[in-house]
Every structure is written in C-alpha cells, then in structure tokens.
$ cat work_3.cif   # mmCIF, C-alpha atoms
data_upload
#
loop_
_atom_site.label_atom_id
_atom_site.label_comp_id
_atom_site.auth_asym_id
_atom_site.auth_seq_id
_atom_site.Cartn_x
_atom_site.Cartn_y
_atom_site.Cartn_z
CA MET W 1 120.27 58.66 118.35
CA ILE W 2 117.41 60.53 120.01
CA THR W 3 113.88 60.11 118.66
CA LEU W 4 111.23 62.74 119.38
CA TYR W 5 107.52 62.03 119.06
CA TYR W 6 105.91 65.40 118.43
CA ALA W 7 102.94 67.30 117.06
CA PRO W 8 103.37 70.74 115.46
CA GLY W 9 102.85 73.55 117.94
CA ALA W 10 102.12 71.24 120.88
CA ALA W 11 104.11 70.93 124.12
CA SER W 12 106.75 69.06 122.13
CA LEU W 13 107.65 72.36 120.43
CA VAL W 14 110.14 73.42 123.10
CA VAL W 15 111.88 70.04 123.01
CA HIS W 16 112.15 70.11 119.22
CA TRP W 17 113.43 73.69 119.42
CA LEU W 18 116.16 72.78 121.90
CA LEU W 19 117.24 69.81 119.80
CA ILE W 20 117.77 72.24 116.92
CA GLU W 21 119.38 74.92 119.10
CA LEU W 22 121.81 72.40 120.60
CA GLN W 23 122.49 70.73 117.23
CA THR W 24 121.65 67.37 118.73
CA PRO W 25 121.32 64.53 116.19
CA HIS W 26 117.76 63.27 116.28
CA GLU W 27 114.93 61.85 114.27
CA LEU W 28 111.32 62.96 114.37
CA ARG W 29 108.10 60.97 114.56
CA LYS W 30 105.13 63.21 113.84
CA LEU W 31 101.81 62.38 115.48
CA ASP W 32 98.46 63.53 114.10
CA LEU W 33 96.53 64.58 117.19
CA ASP W 34 93.30 65.14 115.28
CA ALA W 35 93.51 61.51 114.14
CA ARG W 36 94.28 60.55 117.76
CA GLU W 37 97.54 58.85 116.90
CA HIS W 38 98.71 59.79 120.40
CA LYS W 39 96.06 57.41 121.77
CA SER W 40 97.09 54.44 119.66
CA PRO W 41 98.11 51.26 121.50
CA GLU W 42 101.63 51.52 120.09
CA TYR W 43 102.14 55.05 121.38
CA LEU W 44 100.52 54.36 124.75
CA LYS W 45 103.20 51.76 125.36
CA LEU W 46 105.72 54.60 125.24
CA ASN W 47 103.62 57.25 126.98
CA PRO W 48 100.67 55.84 128.96
CA ALA W 49 99.21 59.35 129.37
CA GLY W 50 98.82 59.61 125.60
CA LEU W 51 100.39 63.06 125.41
CA VAL W 52 103.27 64.66 123.54
CA PRO W 53 106.18 64.88 123.76
CA THR W 54 107.89 61.56 124.23
CA MET W 55 111.60 61.26 123.58
CA ILE W 56 113.49 58.01 123.19
CA ILE W 57 116.84 58.44 124.93
CA ASP W 58 119.31 55.56 124.82
CA GLY W 59 116.45 53.27 123.86
CA LYS W 60 114.15 54.32 126.73
CA PRO W 61 111.05 56.56 126.52
CA VAL W 62 111.04 59.73 128.63
CA CYS W 63 108.00 62.03 128.85
CA GLU W 64 106.98 65.48 130.15
CA ALA W 65 108.18 68.57 128.31
CA ALA W 66 109.71 70.25 131.36
CA ALA W 67 111.69 67.13 132.25
CA LEU W 68 113.02 66.88 128.70
CA VAL W 69 113.98 70.56 128.69
CA LEU W 70 116.05 70.05 131.85
CA GLN W 71 117.57 66.84 130.51
CA LEU W 72 118.66 68.37 127.21
CA ALA W 73 120.28 71.32 128.94
CA ASP W 74 122.16 68.95 131.24
CA ARG W 75 123.32 66.76 128.35
CA HIS W 76 124.91 69.79 126.69
CA PRO W 77 126.70 71.70 129.47
CA SER W 78 128.92 73.55 127.02
CA ALA W 79 125.85 75.39 125.70
CA GLY W 80 125.42 77.07 129.09
CA LEU W 81 121.64 76.73 129.18
CA ALA W 82 121.58 75.50 132.80
CA PRO W 83 123.31 77.12 135.80
CA ALA W 84 125.77 75.18 137.94
CA LEU W 85 124.36 72.46 140.20
CA GLY W 86 123.79 73.70 143.73
CA SER W 87 123.91 77.38 142.81
CA VAL W 88 121.19 79.88 143.66
CA GLU W 89 120.78 80.46 139.93
CA ARG W 90 120.10 76.72 139.51
CA ALA W 91 117.35 76.95 142.13
CA GLN W 92 115.80 79.91 140.30
CA TYR W 93 116.05 77.98 137.03
CA TYR W 94 114.12 75.09 138.60
CA GLN W 95 111.65 77.53 140.12
CA TRP W 96 110.69 79.07 136.79
CA THR W 97 110.62 75.75 134.95
CA PHE W 98 108.26 74.23 137.51
CA PHE W 99 106.17 77.40 137.64
CA MET W 100 105.54 76.98 133.93
CA ALA W 101 104.86 73.25 134.21
CA ASN W 102 102.67 73.41 137.33
CA THR W 103 100.91 76.77 136.95
CA LEU W 104 100.75 77.82 133.31
CA GLN W 105 100.47 74.50 131.50
CA PRO W 106 97.52 73.16 133.56
CA ALA W 107 95.72 76.49 133.19
CA TYR W 108 96.22 76.41 129.44
CA ARG W 109 94.90 72.87 129.29
CA ALA W 110 91.77 73.99 131.12
CA TRP W 111 91.39 76.84 128.60
CA PHE W 112 91.80 74.69 125.51
CA TYR W 113 89.96 71.65 126.88
CA PRO W 114 87.40 73.13 129.31
CA THR W 115 85.27 70.00 129.46
CA GLU W 116 88.07 68.12 131.24
CA PRO W 117 87.89 69.99 134.57
CA ALA W 118 84.21 70.93 134.56
CA GLY W 119 82.16 68.98 132.03
CA GLU W 120 79.99 70.26 129.19
CA ALA W 121 77.67 72.23 131.46
CA SER W 122 80.43 74.44 132.86
CA ILE W 123 82.56 75.30 129.83
CA VAL W 124 82.11 79.07 130.14
CA ALA W 125 83.00 79.11 133.84
CA ALA W 126 85.97 76.80 133.30
CA LYS W 127 87.38 78.97 130.54
CA GLU W 128 86.92 82.15 132.56
CA GLN W 129 88.70 80.67 135.55
CA ALA W 130 91.50 79.38 133.33
CA ARG W 131 91.86 82.79 131.70
CA GLU W 132 92.16 84.48 135.09
CA ARG W 133 94.86 82.04 136.18
CA ILE W 134 96.80 82.46 132.93
CA GLU W 135 96.68 86.25 132.96
CA ALA W 136 97.68 86.39 136.63
CA ALA W 137 100.65 84.15 135.88
CA TRP W 138 101.71 86.30 132.94
CA GLU W 139 101.42 89.43 135.06
CA HIS W 140 103.82 87.82 137.55
CA VAL W 141 106.34 86.89 134.85
CA ALA W 142 106.08 90.31 133.21
CA ARG W 143 106.88 92.09 136.47
CA HIS W 144 109.87 89.81 136.99
CA LEU W 145 111.26 90.44 133.51
CA ALA W 146 110.67 94.18 133.72
CA ALA W 147 112.57 94.34 137.00
CA GLY W 148 115.48 92.09 136.15
CA GLY W 149 115.48 90.84 132.56
CA PRO W 150 116.07 90.46 129.73
CA TYR W 151 115.84 86.72 130.54
CA LEU W 152 114.26 84.78 133.40
CA LEU W 153 117.69 84.55 135.05
CA GLY W 154 118.62 88.15 134.34
CA GLU W 155 121.41 88.54 131.81
CA ARG W 156 121.76 84.79 131.41
CA LEU W 157 119.83 82.84 128.77
CA SER W 158 118.65 79.45 130.00
CA ALA W 159 116.56 76.55 128.72
CA ALA W 160 113.66 77.96 130.76
CA ASP W 161 113.43 80.90 128.35
CA PHE W 162 112.71 78.52 125.48
CA MET W 163 109.83 76.99 127.42
CA LEU W 164 108.55 80.45 128.30
CA THR W 165 108.47 81.43 124.63
CA MET W 166 106.45 78.35 123.71
CA LEU W 167 103.86 79.14 126.38
CA MET W 168 103.65 82.76 125.27
CA ARG W 169 102.93 81.54 121.75
CA TRP W 170 99.95 79.59 123.04
CA SER W 171 98.32 82.87 124.13
CA ARG W 172 98.24 84.35 120.63
CA ASN W 173 94.50 83.78 120.06
CA MET W 174 93.38 84.40 123.63
CA PRO W 175 91.43 87.51 124.69
CA ARG W 176 94.64 88.95 126.14
CA PRO W 177 97.74 87.63 124.38
CA THR W 178 101.14 88.08 126.00
CA ASN W 179 102.02 90.80 123.49
CA ASP W 180 99.88 93.06 125.69
CA TRP W 181 102.70 93.03 128.27
CA PRO W 182 105.72 94.96 126.92
CA ALA W 183 108.25 92.90 128.88
CA LEU W 184 106.80 89.63 127.58
CA HIS W 185 106.61 90.92 124.02
CA THR W 186 110.25 92.02 124.14
CA HIS W 187 111.34 88.65 125.50
CA ALA W 188 109.40 86.76 122.84
CA GLN W 189 110.80 88.86 120.02
CA ARG W 190 114.34 88.31 121.28
CA MET W 191 113.87 84.54 121.44
CA LYS W 192 112.08 84.31 118.09
CA ALA W 193 115.01 86.09 116.43
CA ARG W 194 117.19 83.05 117.08
CA PRO W 195 118.02 81.06 113.90
CA SER W 196 116.89 77.87 115.62
CA PHE W 197 113.38 79.28 115.96
CA THR W 198 113.19 80.02 112.25
CA GLU W 199 114.32 76.46 111.54
CA LEU W 200 111.74 75.11 113.99
CA TYR W 201 108.89 76.95 112.27
CA THR W 202 110.04 75.64 108.90
CA ARG W 203 110.24 72.05 110.09
CA GLU W 204 106.88 72.09 111.88
CA GLY W 205 105.12 74.16 109.21
CA LEU W 206 103.95 76.70 111.77
CA THR W 207 102.44 80.15 111.46
CA GLU W 208 101.05 82.48 114.12
CA ILE W 209 97.55 81.44 113.08
CA GLY W 210 95.81 78.31 114.23
CA ARG W 211 94.74 76.59 117.40
CA ALA W 212 97.09 75.05 119.89
CA HIS W 213 97.32 71.45 121.02
CA VAL W 214 98.45 71.54 124.64
#
$ encode --input "work_3.cif" --output "structure tokens"
Amino acid sequence: MITLYYAPGAASLVVHWLLIELQTPHELRKLDLDAREHKSPEYLKLNPAGLVPTMIIDGKPVCEAAALVLQLADRHPSAGLAPALGSVERAQYYQWTFFMANTLQPAYRAWFYPTEPAGEASIVAAKEQARERIEAAWEHVARHLAAGGPYLLGERLSAADFMLTMLMRWSRNMPRPTNDWPALHTHAQRMKARPSFTELYTREGLTEIGRAHV
C-alpha cells in the first residue's frame, strides 16, 4: 500500500492526481500547513526538508513531486504516461519535467514566499523578479505547445502534462495567469476535463479561489 502525505492544492496535488488517474491503491495523510504539521518532529523524520509531498513506497519515504511523478509513471507502464527508456521522447519527457521542477517551481516559491530569497526589506523586488521568471517560462511553454501540441510531447499524453497543469493552476491569482496564453488555456482545459481531475478536486476540497501552498 502506498501512503501519500499531502496538503490540498500544494505540490502534492500532482502526485495525488496521478494516484487517482492510475487507480493505484493508496491511503492519504493530510497535513495542515497553516498549523505547521509539516514541520513536526514526526514528519521531519520522513522528509527532513519539511515539505510536501512525501510518499511511503514499500515502507520507505520518497520525496520531491517530480521524482514521484516519474516513479508513478514507471510503476504503471501499461498506462503509457512515460515514453520508452532510451528514446528521444523519453529525453524530452525528462527535459520538461526538470524544466518545471528547476525553473518554474523555484520561481513560484520566490513569488509566494518572497522573504526566503531576499528578506523582509526586499519583498517587492523579489516578487517582481519571480514574476518575470514565471512569465518568461510560461511564454516558452506556450510557444512550444502552439507549435507542436496538444501535449508537451505532441500527440502523446505523458505524466509531465499532469505536473504542468498543477503549475498552471498556481498562477490563477497572479497578475498574469496562464489563461492569458491561449495554448496554455487550451491545455489546461483539456487536462481538467479528465474524470480523475474532478475526483481530485472533490477529495481535496478545492476551488479555483484561494492561495497556494508551494
């Protein structure tokens, strides 16, 4: 049995979504981030960074959303959410997954928690820099989808598209949400039409309103 430690709408969302999409038996452990349950001694034993998600796989804790996305796709090859090992498509799949993990996620964290990179005195500058990085990244993804979509790998749906949708959702209350880019909006609407997304929203009690926990 897989156990997922999660918080509604946080980076655990994509992992929870894939568990539903893949019909993987699992149990959920909800963490209240406002109450700082992710910083409790018990949780820090599982995830020393004190972040979500953490997934217990075969009795061992594994962290980092992107790593868990890749792992789940590999554990369910019949779902076809990861290209063949060694293929060019597999390299592109890795490329987009790591682009999201290394470019978009850190920029979002700087936007939502601007005191971390710059301190209290530089919140405005930190947020502006983060916004520029986020919007430049979305411009890059939008051009790619417009030229060769509908998915990140062209006609093929992959686990990376689920992660992309989560990150687009995080932009909803920003000065320029991803809906401003037609290619991104189309992608998001296609992904959100999946029954697993509806189930995810029901389970996590989500709406399009509210702040994000990155």
$ closest_residue --input "work_3.cif" --among "W:Phe162, W:Tyr43, W:Trp17, W:Trp170" --to "Tyr5 in chain W" --atoms "all atoms listed in the file"
W:Tyr43
$ resolve_selection --input "work_3.cif" --expression "the PyMOL selection byres ((chain W and resi 186) around 12)" --output "ChimeraX atom specification"
/W:142,145-146,149-151,165,168,178-185,187-193
$ atom_distance --input "work_3.cif" --atom1 "CA of Ala130 in chain W" --atom2 "CA of Leu51 in chain W"
20.2 Å
$ residues_around --input "work_3.cif" --residues "Thr103 in chain W" --least-positions-apart "2" --cutoff "12 Å" --atoms "all atoms listed in the file" --output "ChimeraX atom specification"
/W:95-101,105-110,130,132-138,140-141,167
$ resolve_selection --input "work_3.cif" --expression "the PyMOL selection byres ((chain W and resi 197) around 12)" --output "ChimeraX atom specification"
/W:13-22,162,165-166,188-196,198-207
$ closest_residue --input "work_3.cif" --among "W:Pro114, W:Pro175, W:Gly9, W:Pro83" --to "Ala159 in chain W" --atoms "only C-alpha atoms"
W:Pro83
$ residues_around --input "work_3.cif" --residues "Asn47 in chain W" --least-positions-apart "5" --cutoff "10 Å" --atoms "only C-alpha atoms" --output "PyMOL selection string"
chain W and resi 38-39+41-42+52-55+61-64
$ atom_distance --input "work_3.cif" --atom1 "CA of Lys30 in chain W" --atom2 "CA of Ala7 in chain W"
5.6 Å
$ closest_residue --input "work_3.cif" --among "W:Leu81, W:Leu104, W:Val88, W:Ala121" --to "Leu157 in chain W" --atoms "all atoms listed in the file"
W:Leu81
$ atom_distance --input "work_3.cif" --atom1 "CA of Asp32 in chain W" --atom2 "CA of Ala73 in chain W"
27.5 Å
$ axis_aligned_box --input "work_3.cif" --around "range 113-119 of chain W" --padding-each-side "6 Å" --output "JSON"
{"center_x": 86.1, "center_y": 70.6, "center_z": 130.7, "size_x": 19.8, "size_y": 17.0, "size_z": 19.7}
$ resolve_selection --input "work_3.cif" --expression "the PyMOL selection byres ((chain W and resi 1) around 12)" --output "ChimeraX atom specification"
/W:2-4,19,24-28,55-60
$ closest_residue --input "work_3.cif" --among "W:Ala160, W:Ser87, W:Gln129, W:Trp111" --to "Ala67 in chain W" --atoms "all atoms listed in the file"
W:Ala160
$ decode --input "work_3.cif" --residues "range 36-47 of chain W" --atoms "all heavy atoms" --output "mmCIF file, in the first residue's frame"
data_model
loop_
_atom_site.group_PDB
_atom_site.id
_atom_site.type_symbol
_atom_site.label_atom_id
_atom_site.label_comp_id
_atom_site.auth_asym_id
_atom_site.auth_seq_id
_atom_site.Cartn_x
_atom_site.Cartn_y
_atom_site.Cartn_z
ATOM 1 N N ARG W 36 1.475 24.083 10.634
ATOM 2 C CA ARG W 36 2.876 23.659 10.543
ATOM 3 C C ARG W 36 3.069 22.181 10.901
ATOM 4 O O ARG W 36 4.096 21.797 11.466
ATOM 5 C CB ARG W 36 3.776 24.559 11.393
ATOM 6 C CG ARG W 36 3.769 26.008 10.918
ATOM 7 C CD ARG W 36 4.738 26.873 11.708
ATOM 8 N NE ARG W 36 6.111 26.463 11.581
ATOM 9 C CZ ARG W 36 6.896 26.715 10.532
ATOM 10 N NH1 ARG W 36 6.417 27.379 9.485
ATOM 11 N NH2 ARG W 36 8.147 26.310 10.502
ATOM 12 N N GLU W 37 2.103 21.379 10.527
ATOM 13 C CA GLU W 37 2.253 19.944 10.762
ATOM 14 C C GLU W 37 3.394 19.354 9.940
ATOM 15 O O GLU W 37 3.954 18.319 10.304
ATOM 16 C CB GLU W 37 0.943 19.219 10.450
ATOM 17 C CG GLU W 37 -0.168 19.515 11.442
ATOM 18 C CD GLU W 37 -1.456 18.770 11.131
ATOM 19 O OE1 GLU W 37 -1.575 18.194 10.033
ATOM 20 O OE2 GLU W 37 -2.350 18.776 12.011
ATOM 21 N N HIS W 38 3.743 20.035 8.839
ATOM 22 C CA HIS W 38 4.858 19.559 8.011
ATOM 23 C C HIS W 38 6.215 19.834 8.652
ATOM 24 O O HIS W 38 7.241 19.376 8.134
ATOM 25 C CB HIS W 38 4.794 20.206 6.624
ATOM 26 C CG HIS W 38 4.816 21.705 6.642
ATOM 27 N ND1 HIS W 38 3.928 22.473 7.383
ATOM 28 C CD2 HIS W 38 5.615 22.604 5.994
ATOM 29 C CE1 HIS W 38 4.180 23.747 7.190
ATOM 30 N NE2 HIS W 38 5.196 23.855 6.367
ATOM 31 N N LYS W 39 6.225 20.561 9.763
ATOM 32 C CA LYS W 39 7.461 20.825 10.490
ATOM 33 C C LYS W 39 7.523 20.045 11.807
ATOM 34 O O LYS W 39 8.434 20.275 12.606
ATOM 35 C CB LYS W 39 7.597 22.325 10.776
ATOM 36 C CG LYS W 39 7.582 23.213 9.531
ATOM 37 C CD LYS W 39 8.735 22.913 8.583
ATOM 38 C CE LYS W 39 8.738 23.864 7.399
ATOM 39 N NZ LYS W 39 9.822 23.574 6.419
ATOM 40 N N SER W 40 6.582 19.159 12.013
ATOM 41 C CA SER W 40 6.570 18.379 13.250
ATOM 42 C C SER W 40 7.741 17.389 13.259
ATOM 43 O O SER W 40 8.209 16.946 12.202
ATOM 44 C CB SER W 40 5.258 17.603 13.378
ATOM 45 O OG SER W 40 5.195 16.570 12.400
ATOM 46 N N PRO W 41 8.226 17.027 14.433
ATOM 47 C CA PRO W 41 9.339 16.069 14.500
ATOM 48 C C PRO W 41 9.019 14.751 13.803
ATOM 49 O O PRO W 41 9.901 14.161 13.166
ATOM 50 C CB PRO W 41 9.540 15.872 16.011
ATOM 51 C CG PRO W 41 9.024 17.139 16.631
ATOM 52 C CD PRO W 41 7.871 17.547 15.774
ATOM 53 N N GLU W 42 7.771 14.311 13.915
ATOM 54 C CA GLU W 42 7.391 13.038 13.300
ATOM 55 C C GLU W 42 7.507 13.109 11.778
ATOM 56 O O GLU W 42 8.033 12.193 11.136
ATOM 57 C CB GLU W 42 5.966 12.664 13.702
ATOM 58 C CG GLU W 42 5.761 12.368 15.178
ATOM 59 C CD GLU W 42 5.715 13.626 16.039
ATOM 60 O OE1 GLU W 42 5.514 14.727 15.472
ATOM 61 O OE2 GLU W 42 5.899 13.508 17.272
ATOM 62 N N TYR W 43 7.018 14.221 11.206
ATOM 63 C CA TYR W 43 7.071 14.338 9.750
ATOM 64 C C TYR W 43 8.489 14.578 9.253
ATOM 65 O O TYR W 43 8.883 14.066 8.198
ATOM 66 C CB TYR W 43 6.151 15.460 9.267
ATOM 67 C CG TYR W 43 6.070 15.535 7.757
ATOM 68 C CD1 TYR W 43 5.425 14.533 7.036
ATOM 69 C CD2 TYR W 43 6.664 16.576 7.054
ATOM 70 C CE1 TYR W 43 5.363 14.579 5.641
ATOM 71 C CE2 TYR W 43 6.606 16.632 5.664
ATOM 72 C CZ TYR W 43 5.957 15.629 4.964
ATOM 73 O OH TYR W 43 5.908 15.664 3.593
ATOM 74 N N LEU W 44 9.279 15.337 10.012
ATOM 75 C CA LEU W 44 10.650 15.616 9.595
ATOM 76 C C LEU W 44 11.508 14.354 9.547
ATOM 77 O O LEU W 44 12.516 14.312 8.833
ATOM 78 C CB LEU W 44 11.278 16.650 10.530
ATOM 79 C CG LEU W 44 10.706 18.071 10.409
ATOM 80 C CD1 LEU W 44 11.303 18.977 11.472
ATOM 81 C CD2 LEU W 44 10.941 18.652 9.010
ATOM 82 N N LYS W 45 11.099 13.332 10.262
ATOM 83 C CA LYS W 45 11.811 12.058 10.165
ATOM 84 C C LYS W 45 11.611 11.430 8.783
ATOM 85 O O LYS W 45 12.485 10.716 8.289
ATOM 86 C CB LYS W 45 11.313 11.093 11.241
ATOM 87 C CG LYS W 45 11.702 11.475 12.658
ATOM 88 C CD LYS W 45 11.114 10.492 13.672
ATOM 89 C CE LYS W 45 11.441 10.916 15.088
ATOM 90 N NZ LYS W 45 10.814 9.991 16.083
ATOM 91 N N LEU W 46 10.463 11.726 8.177
ATOM 92 C CA LEU W 46 10.169 11.200 6.843
ATOM 93 C C LEU W 46 10.726 12.113 5.756
ATOM 94 O O LEU W 46 11.232 11.642 4.734
ATOM 95 C CB LEU W 46 8.649 11.061 6.653
ATOM 96 C CG LEU W 46 7.910 10.169 7.642
ATOM 97 C CD1 LEU W 46 6.407 10.243 7.379
ATOM 98 C CD2 LEU W 46 8.400 8.732 7.538
ATOM 99 N N ASN W 47 10.605 13.408 5.971
ATOM 100 C CA ASN W 47 11.024 14.394 4.978
ATOM 101 C C ASN W 47 11.763 15.517 5.709
ATOM 102 O O ASN W 47 11.139 16.450 6.216
ATOM 103 C CB ASN W 47 9.797 14.940 4.239
ATOM 104 C CG ASN W 47 10.156 15.870 3.102
ATOM 105 O OD1 ASN W 47 11.181 16.545 3.129
ATOM 106 N ND2 ASN W 47 9.301 15.927 2.090
#
